[in-house]
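Notes to accompany the following structure.
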Amino acid sequence: MGNRQSRPWIVLDELWSLVEPLLPTPGPKKVQGRLRVPDRQALCGILFVLHTGIQWEYLPQELGFGSGMTCWRRLAAWNEAGVWDQLHQLLLNELRSKDRLDWERAVIDSARAGCPTGPKSGPSPIDRARPGSKHHLIVDGQGIPLAVSLTGSNRNDVTQLLPLLDKISPVAGRVGRPRRRPDALLADRGYDHDIYRRQLWQRGIRPVIARRGEPHGIGLGIFRYVVERTIAWLHGFRRLRIRWERRDEIHEAFLGLATCLITHRHLQRLR
């Protein structure tokens, strides 16, 4: 099947064995007589778009992916069925079963992605009011993604702190109750607000948030770099650097799939 590093859109057996049981049963064919593109090939086409950033209509059918519209429909249907959320949950459970999730601290941050106007976009306060979206991400102490979300660029980071924290699903994999709360949450000055500090304490989470006006280099950077690295990995997928999709749920589908791929890489390092 070729070199995996040079063809990262190829779905290997180990990943496919996790994805296939989660896919919904296909509905009746709309066009009789035409063979249905196998799900695995359609997923390869989706990954090709995610990795290269190519437009759907230019997806090379000679590689066996099917048409761009076919892959687009599968991505939308699988996202609606919660496939990427379920896959991410499975991966986190397995990481916790191997004691590879660092719950001592979590780190939160965001990054902007330019986009045309549409749902979950807004004028950027730091880029001459150009329209854009934001990717909000919370990771464990190693940079493993725990939750991700999409908002407009005009949404203040601190307003997404609690919603993103609440988006972390309970992670099982070990004896006892599933876990979803870190011991501490690290954040930069964009999250500096005493109301949110108090709410974190009420949830049993110790806030470690830089205060405005404090000089740089006070020590948080040695822990916060993991979230910046994971954001760089997310934007290593070219389709996420600029949001081309007007429909926010399609961009969120790409975001969820990329989160699963990054989490899966962490799991592969253990094997």
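Residue numbers start at 1 in each chain; chains themselves are named A, B, ... in the order of the structure tokens; ligands are numbered from 1 in the order shown.
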Using only C-alpha atoms, which residues sit within 10 Å of stretch 189-192 of chain A once same-chain residues fewer than 3 positions away are excluded, as a compact mmCIF listing (two decimals) with N, CA and C atoms, in the first residue's frame?
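Written file, result.txt:
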```
# COMPACT_ATOMS: atom_id res chain seq x y z
N ILE A 108 -4.97 24.49 28.55
CA ILE A 108 -5.97 24.98 27.60
C ILE A 108 -5.40 26.14 26.80
N ASP A 109 -5.81 26.22 25.53
CA ASP A 109 -5.37 27.33 24.67
C ASP A 109 -6.26 27.35 23.43
N SER A 110 -6.05 28.34 22.58
CA SER A 110 -6.84 28.43 21.34
C SER A 110 -5.95 28.93 20.22
N ASN A 156 -14.24 35.51 23.31
CA ASN A 156 -13.14 35.60 24.25
C ASN A 156 -12.76 34.21 24.76
N ASP A 157 -11.46 33.95 24.87
CA ASP A 157 -10.99 32.63 25.28
C ASP A 157 -11.59 32.19 26.61
N VAL A 158 -11.66 33.11 27.57
CA VAL A 158 -12.07 32.71 28.91
C VAL A 158 -13.52 32.21 28.94
N THR A 159 -14.35 32.67 28.00
CA THR A 159 -15.74 32.22 27.97
C THR A 159 -15.86 30.76 27.59
N GLN A 160 -14.80 30.21 27.00
CA GLN A 160 -14.83 28.81 26.56
C GLN A 160 -14.15 27.87 27.55
N LEU A 161 -13.63 28.42 28.64
CA LEU A 161 -12.90 27.60 29.60
C LEU A 161 -13.80 26.50 30.19
N LEU A 186 -3.89 24.67 33.62
CA LEU A 186 -2.94 25.72 33.30
C LEU A 186 -3.44 26.52 32.10
N ILE A 195 -13.44 35.12 38.65
CA ILE A 195 -14.70 34.37 38.70
C ILE A 195 -14.47 32.93 38.24
N TYR A 196 -13.69 32.78 37.17
CA TYR A 196 -13.43 31.44 36.64
C TYR A 196 -12.47 30.67 37.54
N ARG A 197 -11.56 31.37 38.18
CA ARG A 197 -10.71 30.68 39.17
C ARG A 197 -11.56 30.07 40.28
N PRO A 207 -6.64 26.16 39.78
CA PRO A 207 -6.31 27.02 38.64
C PRO A 207 -4.87 27.51 38.70
N VAL A 208 -4.15 27.35 37.61
CA VAL A 208 -2.79 27.89 37.48
C VAL A 208 -2.81 28.76 36.23
N ILE A 209 -3.26 30.02 36.43
CA ILE A 209 -3.52 30.92 35.31
C ILE A 209 -2.66 32.17 35.47
N ALA A 210 -1.92 32.49 34.42
CA ALA A 210 -1.06 33.68 34.46
C ALA A 210 -1.92 34.93 34.61
N ARG A 211 -1.43 35.88 35.35
CA ARG A 211 -2.15 37.14 35.55
C ARG A 211 -1.62 38.22 34.62
N ARG A 212 -2.52 39.07 34.17
CA ARG A 212 -2.12 40.18 33.32
C ARG A 212 -1.18 41.10 34.09
N GLY A 213 -0.17 41.56 33.39
CA GLY A 213 0.77 42.48 34.02
C GLY A 213 1.99 41.79 34.59
N GLU A 214 1.92 40.46 34.79
CA GLU A 214 3.08 39.75 35.28
C GLU A 214 4.10 39.60 34.16
```
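Checking A:Gly152, A:Gly66, A:Leu12, A:Asp248 one by one against A:Arg34, counting only C-alpha atoms, you find the shortest gap at A:Gly66.
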key: Long-range neighbours of A:Phe237 as a PyMOL selection string, 9 Å cut-off, only C-alpha atoms, 3 positions minimum in chain   = chain A and resi 50-53+233-234+240-241+258
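The list of residues with at least one atom within 12 Å of A:Asp13, based on only C-alpha atoms and without residues fewer than 4 positions apart in the same chain, reads Met1, Ser17, Leu18, Val19, Glu20 and Arg40 of chain A.
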